[in-house]
Amino acid sequence: MTSVALGIPSVRTRPIAERRKSRQIMVGSVPVGGDAPVSVQSMTTTLTADVNATLQQIAELTASGCQIVRVAVPSQDDAEALPIIARKSQIPVIADIHFQPKYVFAAIEAGCAAVRVNPGNIKKFDDKVGEIAKAAADHGVPIRIGVNAGSLDPRLLQKYGKATPEALVESALWECSLFEEHGFRDIKISVKHNDPVVMVQAYRLLAQRCDYPLHLGVTEAGPAFQGTIKSAVAFGALLSEGIGDTIRVSLSAPPVEEVKVGAAILESLNLRERGLEIVSCPSCGRAQVDVYTLAEQVQAGLAGLKIPLRVAVMGCVVNGPGEAREADLGVASGNGKGQIFVKGEVIKTVPESQIVETLIEEALRMAEEMGVEIDLDDEDAPGPEVVVR
């Protein structure tokens, strides 16, 4: 009987939706909006005035795949640290400004790639908009109008009763209009809410009413698990409609975790090239091997392998051979042994005790054939994406 090599399709899956047409701005070296890829952002948790600690965290975020980083500037000491941070950071730095207009000018002069202002707490800024617009235009620095449900302008809370989608959008567009009066349109907008449903509704409404690039975020999303679910649901809904130009996953967790989740969301929607992905079954009464342990061991063994490789770890004869055949590398396990597939072909059958070792060896061989540098000792590298079938 002749075997048919199916293998993984050679044509890359299309993105989930056509992108909303927005104007493009430059945040330092990173284009945002237009036809630019959706970028991943995060925010440092260090005191910005502690330059060494902040630069160290920015370096860690950069290594994890972060493309734009925001730093808080609540004090004069923080503002004075910006020139060094902006100069030494490997990725564009956005200054996060609340309450004090003077820090906006300091951030622009310091060489920050952008400045974020919050319409809900910048009443003092209203008579400074012209000066800010001129300074930002002169230095080529875009402004992010960042509306948050938790700090909405009291006038809008009184008008709408609470932070509704309409209230969030009105706040953002009002602030934009103040800058537009001075001919400044180098703007991106966010309208964040802790409720994914309200957040999605707000961004849909905003997308209909302007062509500015949009920064997506579920604010105060919560601890890692809850925040990941909220962000994935909200971002998935909007990005599947082509809405969103840059994202930040807000977690009560180290910022590197935010970047990992954000990158994984984009990869899952084919908005970013997939990296190492492990496909494994959830296990059931049909499984004849310990799929949980196998998948965890393969994941641990390949963490840090930076190649676009799909590895299937399957535990029964129903879906196992099909999933393993469609992956770049896979195993269909059962009866104490596993059939090893490479690009749709069975290359060998090994005892269960050798499955993990064999998969890792084959993955490394494939990486070498692709000319990819191998570094499996990088503890800070994002692990492979795991998909349970």
# chains A, B, ... in the order shown; residues from 1 in each chain; ligands from 1
>>> select_by_dssp(residues="range 44-142 of chain A", states="strand (DSSP E)", output="PyMOL selection string")
chain A and resi 68-72+93-97+114-117
>>> write_last_selection(atoms="all heavy atoms", output="mmCIF file, in the first residue's frame")
data_model
loop_
_atom_site.group_PDB
_atom_site.id
_atom_site.type_symbol
_atom_site.label_atom_id
_atom_site.label_comp_id
_atom_site.auth_asym_id
_atom_site.auth_seq_id
_atom_site.Cartn_x
_atom_site.Cartn_y
_atom_site.Cartn_z
ATOM 1 N N ILE A 68 7.016 47.992 21.991
ATOM 2 C CA ILE A 68 6.882 49.358 22.494
ATOM 3 C C ILE A 68 6.689 49.256 24.007
ATOM 4 O O ILE A 68 5.956 48.387 24.481
ATOM 5 C CB ILE A 68 5.673 50.074 21.872
ATOM 6 C CG1 ILE A 68 5.822 50.172 20.347
ATOM 7 C CG2 ILE A 68 5.501 51.467 22.472
ATOM 8 C CD1 ILE A 68 4.571 50.684 19.636
ATOM 9 N N VAL A 69 7.329 50.135 24.770
ATOM 10 C CA VAL A 69 7.215 50.065 26.223
ATOM 11 C C VAL A 69 6.790 51.427 26.772
ATOM 12 O O VAL A 69 7.206 52.470 26.267
ATOM 13 C CB VAL A 69 8.536 49.611 26.876
ATOM 14 C CG1 VAL A 69 9.644 50.635 26.664
ATOM 15 C CG2 VAL A 69 8.345 49.311 28.354
ATOM 16 N N ARG A 70 5.941 51.397 27.789
ATOM 17 C CA ARG A 70 5.474 52.632 28.426
ATOM 18 C C ARG A 70 6.052 52.721 29.828
ATOM 19 O O ARG A 70 6.144 51.710 30.533
ATOM 20 C CB ARG A 70 3.934 52.620 28.464
ATOM 21 C CG ARG A 70 3.306 53.885 29.003
ATOM 22 C CD ARG A 70 1.858 54.050 28.493
ATOM 23 N NE ARG A 70 1.083 52.828 28.571
ATOM 24 C CZ ARG A 70 0.080 52.628 29.415
ATOM 25 N NH1 ARG A 70 -0.264 53.562 30.293
ATOM 26 N NH2 ARG A 70 -0.607 51.501 29.388
ATOM 27 N N VAL A 71 6.429 53.928 30.241
ATOM 28 C CA VAL A 71 6.950 54.140 31.591
ATOM 29 C C VAL A 71 6.130 55.226 32.273
ATOM 30 O O VAL A 71 5.691 56.183 31.636
ATOM 31 C CB VAL A 71 8.449 54.535 31.578
ATOM 32 C CG1 VAL A 71 9.288 53.425 30.966
ATOM 33 C CG2 VAL A 71 8.682 55.858 30.844
ATOM 34 N N ALA A 72 5.910 55.061 33.571
ATOM 35 C CA ALA A 72 5.127 56.024 34.333
ATOM 36 C C ALA A 72 5.982 57.230 34.701
ATOM 37 O O ALA A 72 7.157 57.082 35.065
ATOM 38 C CB ALA A 72 4.582 55.366 35.594
ATOM 39 N N VAL A 93 10.062 54.225 23.670
ATOM 40 C CA VAL A 93 9.559 54.473 25.019
ATOM 41 C C VAL A 93 8.440 55.509 24.973
ATOM 42 O O VAL A 93 8.600 56.598 24.402
ATOM 43 C CB VAL A 93 10.684 54.976 25.945
ATOM 44 C CG1 VAL A 93 10.126 55.374 27.310
ATOM 45 C CG2 VAL A 93 11.762 53.903 26.106
ATOM 46 N N ILE A 94 7.307 55.168 25.570
ATOM 47 C CA ILE A 94 6.181 56.092 25.703
ATOM 48 C C ILE A 94 6.125 56.577 27.148
ATOM 49 O O ILE A 94 6.197 55.776 28.084
ATOM 50 C CB ILE A 94 4.851 55.413 25.338
ATOM 51 C CG1 ILE A 94 4.849 54.972 23.878
ATOM 52 C CG2 ILE A 94 3.677 56.352 25.614
ATOM 53 C CD1 ILE A 94 3.599 54.221 23.472
ATOM 54 N N ALA A 95 6.000 57.894 27.327
ATOM 55 C CA ALA A 95 5.862 58.451 28.670
ATOM 56 C C ALA A 95 4.390 58.535 29.037
ATOM 57 O O ALA A 95 3.579 59.057 28.270
ATOM 58 C CB ALA A 95 6.499 59.834 28.722
ATOM 59 N N ASP A 96 4.036 58.019 30.201
ATOM 60 C CA ASP A 96 2.651 58.001 30.678
ATOM 61 C C ASP A 96 2.458 59.171 31.632
ATOM 62 O O ASP A 96 3.010 59.188 32.739
ATOM 63 C CB ASP A 96 2.392 56.675 31.401
ATOM 64 C CG ASP A 96 0.927 56.457 31.696
ATOM 65 O OD1 ASP A 96 0.170 56.219 30.751
ATOM 66 O OD2 ASP A 96 0.546 56.528 32.888
ATOM 67 N N ILE A 97 1.681 60.171 31.203
ATOM 68 C CA ILE A 97 1.559 61.423 31.952
ATOM 69 C C ILE A 97 0.139 61.619 32.459
ATOM 70 O O ILE A 97 -0.829 61.503 31.697
ATOM 71 C CB ILE A 97 1.940 62.640 31.072
ATOM 72 C CG1 ILE A 97 3.256 62.398 30.323
ATOM 73 C CG2 ILE A 97 1.990 63.909 31.910
ATOM 74 C CD1 ILE A 97 4.466 62.330 31.180
ATOM 75 N N ALA A 114 6.659 58.705 22.199
ATOM 76 C CA ALA A 114 5.263 59.133 22.242
ATOM 77 C C ALA A 114 4.934 59.528 23.668
ATOM 78 O O ALA A 114 5.688 59.207 24.609
ATOM 79 C CB ALA A 114 4.323 58.036 21.748
ATOM 80 N N VAL A 115 3.805 60.189 23.825
ATOM 81 C CA VAL A 115 3.319 60.573 25.146
ATOM 82 C C VAL A 115 1.867 60.151 25.252
ATOM 83 O O VAL A 115 1.078 60.343 24.330
ATOM 84 C CB VAL A 115 3.426 62.099 25.366
ATOM 85 C CG1 VAL A 115 2.812 62.482 26.706
ATOM 86 C CG2 VAL A 115 4.886 62.544 25.319
ATOM 87 N N ARG A 116 1.527 59.555 26.402
ATOM 88 C CA ARG A 116 0.124 59.180 26.655
ATOM 89 C C ARG A 116 -0.473 60.186 27.639
ATOM 90 O O ARG A 116 0.123 60.477 28.690
ATOM 91 C CB ARG A 116 0.042 57.771 27.246
ATOM 92 C CG ARG A 116 -1.387 57.281 27.555
ATOM 93 C CD ARG A 116 -1.843 57.636 28.947
ATOM 94 N NE ARG A 116 -3.227 57.275 29.209
ATOM 95 C CZ ARG A 116 -3.597 56.351 30.074
ATOM 96 N NH1 ARG A 116 -2.687 55.718 30.773
ATOM 97 N NH2 ARG A 116 -4.881 56.098 30.262
ATOM 98 N N VAL A 117 -1.642 60.724 27.314
ATOM 99 C CA VAL A 117 -2.372 61.594 28.228
ATOM 100 C C VAL A 117 -3.769 61.039 28.413
ATOM 101 O O VAL A 117 -4.318 60.387 27.538
ATOM 102 C CB VAL A 117 -2.434 63.045 27.706
ATOM 103 C CG1 VAL A 117 -1.049 63.661 27.634
ATOM 104 C CG2 VAL A 117 -3.136 63.124 26.357
#
>>> closest_atom_pairs(of="range 250-288 of chain A", to="range 333-338 of chain A", cutoff="12 Å", atoms="only C-alpha atoms", output="CSV")
residue,atom,partner,partner_atom,distance
A:Ser280,CA,A:Ser333,CA,11.3
A:Cys281,CA,A:Ser333,CA,11.1
A:Ser283,CA,A:Ser333,CA,11.5
A:Arg286,CA,A:Gly334,CA,9.3
A:Ala287,CA,A:Gly334,CA,7.2
A:Gln288,CA,A:Gly334,CA,5.0
>>> write_last_selection(atoms="N, CA, C and O atoms", output="mmCIF file, in the first residue's frame")
data_model
loop_
_atom_site.group_PDB
_atom_site.id
_atom_site.type_symbol
_atom_site.label_atom_id
_atom_site.label_comp_id
_atom_site.auth_asym_id
_atom_site.auth_seq_id
_atom_site.Cartn_x
_atom_site.Cartn_y
_atom_site.Cartn_z
ATOM 1 N N SER A 280 -1.520 19.261 21.484
ATOM 2 C CA SER A 280 -1.655 18.041 22.289
ATOM 3 C C SER A 280 -3.109 17.814 22.624
ATOM 4 O O SER A 280 -3.904 18.756 22.711
ATOM 5 N N CYS A 281 -3.478 16.551 22.824
ATOM 6 C CA CYS A 281 -4.871 16.231 23.112
ATOM 7 C C CYS A 281 -5.148 16.406 24.600
ATOM 8 O O CYS A 281 -4.232 16.363 25.428
ATOM 9 N N SER A 283 -6.575 14.435 26.463
ATOM 10 C CA SER A 283 -6.621 13.085 27.012
ATOM 11 C C SER A 283 -8.073 12.686 27.289
ATOM 12 O O SER A 283 -8.954 13.525 27.446
ATOM 13 N N ARG A 286 -9.727 6.981 25.967
ATOM 14 C CA ARG A 286 -9.078 6.223 24.896
ATOM 15 C C ARG A 286 -7.560 6.241 25.001
ATOM 16 O O ARG A 286 -6.884 5.408 24.398
ATOM 17 N N ALA A 287 -7.020 7.235 25.719
ATOM 18 C CA ALA A 287 -5.566 7.409 25.764
ATOM 19 C C ALA A 287 -4.903 6.214 26.436
ATOM 20 O O ALA A 287 -5.348 5.731 27.477
ATOM 21 N N GLN A 288 -3.821 5.767 25.830
ATOM 22 C CA GLN A 288 -3.065 4.635 26.375
ATOM 23 C C GLN A 288 -1.692 5.052 26.883
ATOM 24 O O GLN A 288 -0.864 4.209 27.214
#
>>> residues_around(residues="Val259 in chain A", least_positions_apart="2", cutoff="10 Å", atoms="only C-alpha atoms", output="PyMOL selection string")
chain A and resi 40-43+61-62+64-67+247-251+254-257+261-265+382
>>> residues_around(residues="range 361-366 of chain A", least_positions_apart="3", cutoff="9 Å", atoms="only C-alpha atoms", output="PyMOL selection string")
chain A and resi 302+305+309+311+329+342+356-358+369-372+374
>>> write_last_selection(atoms="all heavy atoms", output="mmCIF file, in the first residue's frame")
data_model
loop_
_atom_site.group_PDB
_atom_site.id
_atom_site.type_symbol
_atom_site.label_atom_id
_atom_site.label_comp_id
_atom_site.auth_asym_id
_atom_site.auth_seq_id
_atom_site.Cartn_x
_atom_site.Cartn_y
_atom_site.Cartn_z
ATOM 1 N N LEU A 302 11.763 21.864 24.791
ATOM 2 C CA LEU A 302 11.912 22.712 23.610
ATOM 3 C C LEU A 302 11.766 24.200 23.925
ATOM 4 O O LEU A 302 11.855 25.028 23.013
ATOM 5 C CB LEU A 302 10.881 22.319 22.547
ATOM 6 C CG LEU A 302 11.030 20.904 21.984
ATOM 7 C CD1 LEU A 302 9.954 20.640 20.940
ATOM 8 C CD2 LEU A 302 12.410 20.704 21.377
ATOM 9 N N LEU A 305 13.478 27.246 21.960
ATOM 10 C CA LEU A 305 13.747 26.923 20.551
ATOM 11 C C LEU A 305 12.935 27.886 19.680
ATOM 12 O O LEU A 305 11.715 27.831 19.642
ATOM 13 C CB LEU A 305 13.358 25.484 20.254
ATOM 14 C CG LEU A 305 13.764 24.927 18.886
ATOM 15 C CD1 LEU A 305 15.280 24.955 18.726
ATOM 16 C CD2 LEU A 305 13.238 23.513 18.703
ATOM 17 N N LEU A 309 7.674 25.970 14.309
ATOM 18 C CA LEU A 309 7.554 24.513 14.239
ATOM 19 C C LEU A 309 6.319 24.070 15.002
ATOM 20 O O LEU A 309 6.111 24.477 16.141
ATOM 21 C CB LEU A 309 8.802 23.856 14.854
ATOM 22 C CG LEU A 309 8.949 22.352 14.705
ATOM 23 C CD1 LEU A 309 9.251 21.986 13.263
ATOM 24 C CD2 LEU A 309 10.058 21.846 15.625
ATOM 25 N N VAL A 311 4.521 20.961 16.727
ATOM 26 C CA VAL A 311 4.815 19.631 17.256
ATOM 27 C C VAL A 311 3.544 19.058 17.863
ATOM 28 O O VAL A 311 2.944 19.663 18.759
ATOM 29 C CB VAL A 311 5.926 19.681 18.325
ATOM 30 C CG1 VAL A 311 6.230 18.274 18.845
ATOM 31 C CG2 VAL A 311 7.193 20.326 17.755
ATOM 32 N N LEU A 329 6.209 17.967 13.079
ATOM 33 C CA LEU A 329 6.795 16.875 13.846
ATOM 34 C C LEU A 329 5.733 16.399 14.820
ATOM 35 O O LEU A 329 5.020 17.209 15.416
ATOM 36 C CB LEU A 329 8.043 17.378 14.596
ATOM 37 C CG LEU A 329 8.685 16.470 15.630
ATOM 38 C CD1 LEU A 329 9.261 15.219 14.979
ATOM 39 C CD2 LEU A 329 9.785 17.224 16.379
ATOM 40 N N VAL A 342 7.477 12.951 10.737
ATOM 41 C CA VAL A 342 8.171 14.161 10.299
ATOM 42 C C VAL A 342 7.616 14.543 8.930
ATOM 43 O O VAL A 342 7.701 13.761 7.982
ATOM 44 C CB VAL A 342 9.701 13.951 10.221
ATOM 45 C CG1 VAL A 342 10.364 15.185 9.606
ATOM 46 C CG2 VAL A 342 10.278 13.671 11.602
ATOM 47 N N VAL A 356 9.842 11.380 24.234
ATOM 48 C CA VAL A 356 10.262 12.766 24.483
ATOM 49 C C VAL A 356 11.649 13.009 23.924
ATOM 50 O O VAL A 356 11.894 13.994 23.205
ATOM 51 C CB VAL A 356 10.222 13.084 25.991
ATOM 52 C CG1 VAL A 356 10.798 14.474 26.258
ATOM 53 C CG2 VAL A 356 8.794 12.992 26.518
ATOM 54 N N GLU A 357 12.567 12.111 24.241
ATOM 55 C CA GLU A 357 13.946 12.242 23.753
ATOM 56 C C GLU A 357 13.987 12.300 22.230
ATOM 57 O O GLU A 357 14.690 13.132 21.637
ATOM 58 C CB GLU A 357 14.763 11.054 24.255
ATOM 59 C CG GLU A 357 16.176 10.998 23.722
ATOM 60 C CD GLU A 357 16.886 9.716 24.123
ATOM 61 O OE1 GLU A 357 16.338 8.966 24.963
ATOM 62 O OE2 GLU A 357 17.983 9.458 23.591
ATOM 63 N N THR A 358 13.200 11.450 21.574
ATOM 64 C CA THR A 358 13.207 11.396 20.113
ATOM 65 C C THR A 358 12.628 12.674 19.501
ATOM 66 O O THR A 358 13.164 13.213 18.529
ATOM 67 C CB THR A 358 12.411 10.178 19.617
ATOM 68 O OG1 THR A 358 12.940 8.990 20.205
ATOM 69 C CG2 THR A 358 12.472 10.065 18.101
ATOM 70 N N GLU A 369 18.714 22.217 10.254
ATOM 71 C CA GLU A 369 18.492 22.243 8.805
ATOM 72 C C GLU A 369 17.947 23.593 8.348
ATOM 73 O O GLU A 369 18.189 24.024 7.223
ATOM 74 C CB GLU A 369 17.513 21.132 8.404
ATOM 75 C CG GLU A 369 18.092 19.731 8.526
ATOM 76 C CD GLU A 369 17.084 18.656 8.157
ATOM 77 O OE1 GLU A 369 15.898 19.014 7.939
ATOM 78 O OE2 GLU A 369 17.471 17.472 8.098
ATOM 79 N N MET A 370 17.217 24.259 9.254
ATOM 80 C CA MET A 370 16.671 25.576 8.921
ATOM 81 C C MET A 370 17.682 26.689 9.161
ATOM 82 O O MET A 370 17.407 27.868 8.884
ATOM 83 C CB MET A 370 15.409 25.837 9.762
ATOM 84 C CG MET A 370 14.269 24.859 9.476
ATOM 85 S SD MET A 370 12.959 24.926 10.724
ATOM 86 C CE MET A 370 12.273 26.544 10.441
ATOM 87 N N GLY A 371 18.849 26.330 9.697
ATOM 88 C CA GLY A 371 19.880 27.318 9.961
ATOM 89 C C GLY A 371 19.564 28.230 11.120
ATOM 90 O O GLY A 371 20.028 29.373 11.177
ATOM 91 N N VAL A 372 18.777 27.723 12.078
ATOM 92 C CA VAL A 372 18.361 28.527 13.215
ATOM 93 C C VAL A 372 19.300 28.286 14.387
ATOM 94 O O VAL A 372 19.665 27.147 14.683
ATOM 95 C CB VAL A 372 16.910 28.174 13.634
ATOM 96 C CG1 VAL A 372 16.514 28.941 14.873
ATOM 97 C CG2 VAL A 372 15.959 28.483 12.493
ATOM 98 N N ILE A 374 20.383 27.622 17.986
ATOM 99 C CA ILE A 374 19.722 26.840 19.024
ATOM 100 C C ILE A 374 20.204 27.291 20.390
ATOM 101 O O ILE A 374 21.402 27.321 20.664
ATOM 102 C CB ILE A 374 20.003 25.325 18.850
ATOM 103 C CG1 ILE A 374 19.463 24.855 17.494
ATOM 104 C CG2 ILE A 374 19.383 24.529 19.982
ATOM 105 C CD1 ILE A 374 19.837 23.439 17.165
#
>>> residues_around(residues="Ala332 in chain A", least_positions_apart="5", cutoff="10 Å", atoms="only C-alpha atoms", output="short mmCIF file (atom, residue, chain, number, x, y, z; two decimals) with N, CA, C and O atoms, in the first residue's frame")
data_model
loop_
_atom_site.label_atom_id
_atom_site.label_comp_id
_atom_site.auth_asym_id
_atom_site.auth_seq_id
_atom_site.Cartn_x
_atom_site.Cartn_y
_atom_site.Cartn_z
N ALA A 312 3.11 17.89 17.39
CA ALA A 312 1.89 17.26 17.89
C ALA A 312 2.23 16.12 18.84
O ALA A 312 3.01 15.23 18.51
N VAL A 313 1.65 16.15 20.03
CA VAL A 313 1.84 15.10 21.03
C VAL A 313 0.46 14.50 21.30
O VAL A 313 -0.35 15.07 22.03
N MET A 314 0.20 13.34 20.71
CA MET A 314 -1.14 12.77 20.73
C MET A 314 -1.15 11.40 21.40
O MET A 314 -0.16 10.67 21.36
N GLY A 315 -2.33 11.06 21.99
CA GLY A 315 -2.35 9.89 22.84
C GLY A 315 -3.30 8.78 22.48
O GLY A 315 -3.48 7.86 23.28
N CYS A 316 -3.95 8.82 21.30
CA CYS A 316 -4.82 7.70 20.95
C CYS A 316 -4.89 7.55 19.44
O CYS A 316 -4.42 8.39 18.68
N VAL A 317 -5.51 6.46 18.99
CA VAL A 317 -5.53 6.12 17.56
C VAL A 317 -6.63 6.83 16.79
O VAL A 317 -6.70 6.72 15.57
N VAL A 318 -7.53 7.56 17.48
CA VAL A 318 -8.62 8.21 16.78
C VAL A 318 -8.14 9.47 16.05
O VAL A 318 -8.23 9.57 14.83
N ASN A 319 -7.62 10.44 16.81
CA ASN A 319 -7.13 11.68 16.20
C ASN A 319 -5.62 11.74 16.10
O ASN A 319 -5.08 12.59 15.39
N GLY A 320 -4.95 10.87 16.84
CA GLY A 320 -3.49 10.93 16.93
C GLY A 320 -2.76 10.91 15.60
O GLY A 320 -1.98 11.83 15.29
N PRO A 321 -2.95 9.88 14.76
CA PRO A 321 -2.22 9.83 13.50
C PRO A 321 -2.50 11.02 12.60
O PRO A 321 -1.58 11.55 11.95
N GLY A 322 -3.74 11.47 12.55
CA GLY A 322 -4.08 12.60 11.69
C GLY A 322 -3.41 13.88 12.14
O GLY A 322 -2.83 14.62 11.34
N GLU A 323 -3.47 14.18 13.45
CA GLU A 323 -2.83 15.39 13.97
C GLU A 323 -1.31 15.33 13.82
O GLU A 323 -0.67 16.31 13.47
N ALA A 324 -0.74 14.15 14.12
CA ALA A 324 0.71 14.00 14.01
C ALA A 324 1.16 14.15 12.56
O ALA A 324 2.22 14.71 12.28
N ARG A 325 0.35 13.66 11.63
CA ARG A 325 0.71 13.75 10.21
C ARG A 325 0.66 15.18 9.71
O ARG A 325 1.44 15.58 8.86
N LYS A 337 4.07 2.57 22.98
CA LYS A 337 5.03 3.01 21.96
C LYS A 337 4.46 4.21 21.22
O LYS A 337 3.30 4.60 21.42
N GLY A 338 5.29 4.80 20.38
CA GLY A 338 4.83 5.97 19.63
C GLY A 338 5.39 5.99 18.23
O GLY A 338 6.57 5.70 18.01
N GLN A 339 4.52 6.29 17.27
CA GLN A 339 4.97 6.49 15.90
C GLN A 339 5.40 7.94 15.73
O GLN A 339 4.62 8.85 16.00
N ILE A 340 6.62 8.15 15.29
CA ILE A 340 7.16 9.48 15.11
C ILE A 340 6.96 9.92 13.66
O ILE A 340 7.41 9.23 12.73
N PHE A 341 6.29 11.07 13.48
CA PHE A 341 6.04 11.61 12.15
C PHE A 341 6.92 12.84 11.92
O PHE A 341 7.05 13.68 12.80
N VAL A 346 5.91 8.64 8.62
CA VAL A 346 6.38 7.92 9.79
C VAL A 346 7.84 7.57 9.57
O VAL A 346 8.19 6.88 8.61
N THR A 349 9.29 4.03 14.91
CA THR A 349 8.44 3.73 16.06
C THR A 349 9.34 3.47 17.25
O THR A 349 10.30 2.69 17.16
N ILE A 355 9.95 8.55 23.66
CA ILE A 355 9.19 9.50 22.84
C ILE A 355 9.72 10.92 23.00
O ILE A 355 10.00 11.62 22.02
#
>>> closest_residue(among="A:Asp245, A:Asp35, A:Glu345, A:Glu352", to="Asp290 in chain A", atoms="only C-alpha atoms")
A:Glu352
>>> atom_distance(atom1="CA of Pro92 in chain A", atom2="CA of Phe225 in chain A")
28.2 Å
>>> closest_residue(among="A:Pro31, A:Thr48, A:Glu170, A:Arg14", to="Pro74 in chain A", atoms="only C-alpha atoms")
A:Thr48
>>> atom_distance(atom1="CA of Arg155 in chain A", atom2="CA of Asp127 in chain A")
17.6 Å
>>> atom_distance(atom1="CA of Leu152 in chain A", atom2="CA of Gly120 in chain A")
4.5 Å
>>> closest_residue(among="A:His215, A:Lys159, A:Arg20, A:Arg144", to="Ile187 in chain A", atoms="only C-alpha atoms")
A:Arg144
>>> closest_residue(among="A:Ala253, A:Val291, A:Ala237, A:Ile145", to="Leu269 in chain A", atoms="only C-alpha atoms")
A:Ala237
>>> closest_residue(among="A:Lys188, A:His182, A:Arg87, A:Lys102", to="Gln24 in chain A", atoms="only C-alpha atoms")
A:Lys188
>>> select_by_dssp(residues="range 40-248 of chain A", states="alpha helix (DSSP H)", output="ChimeraX atom specification")
/A:51-63,76-88,101-110,129-139,154-160,165-180,196-209,224-239
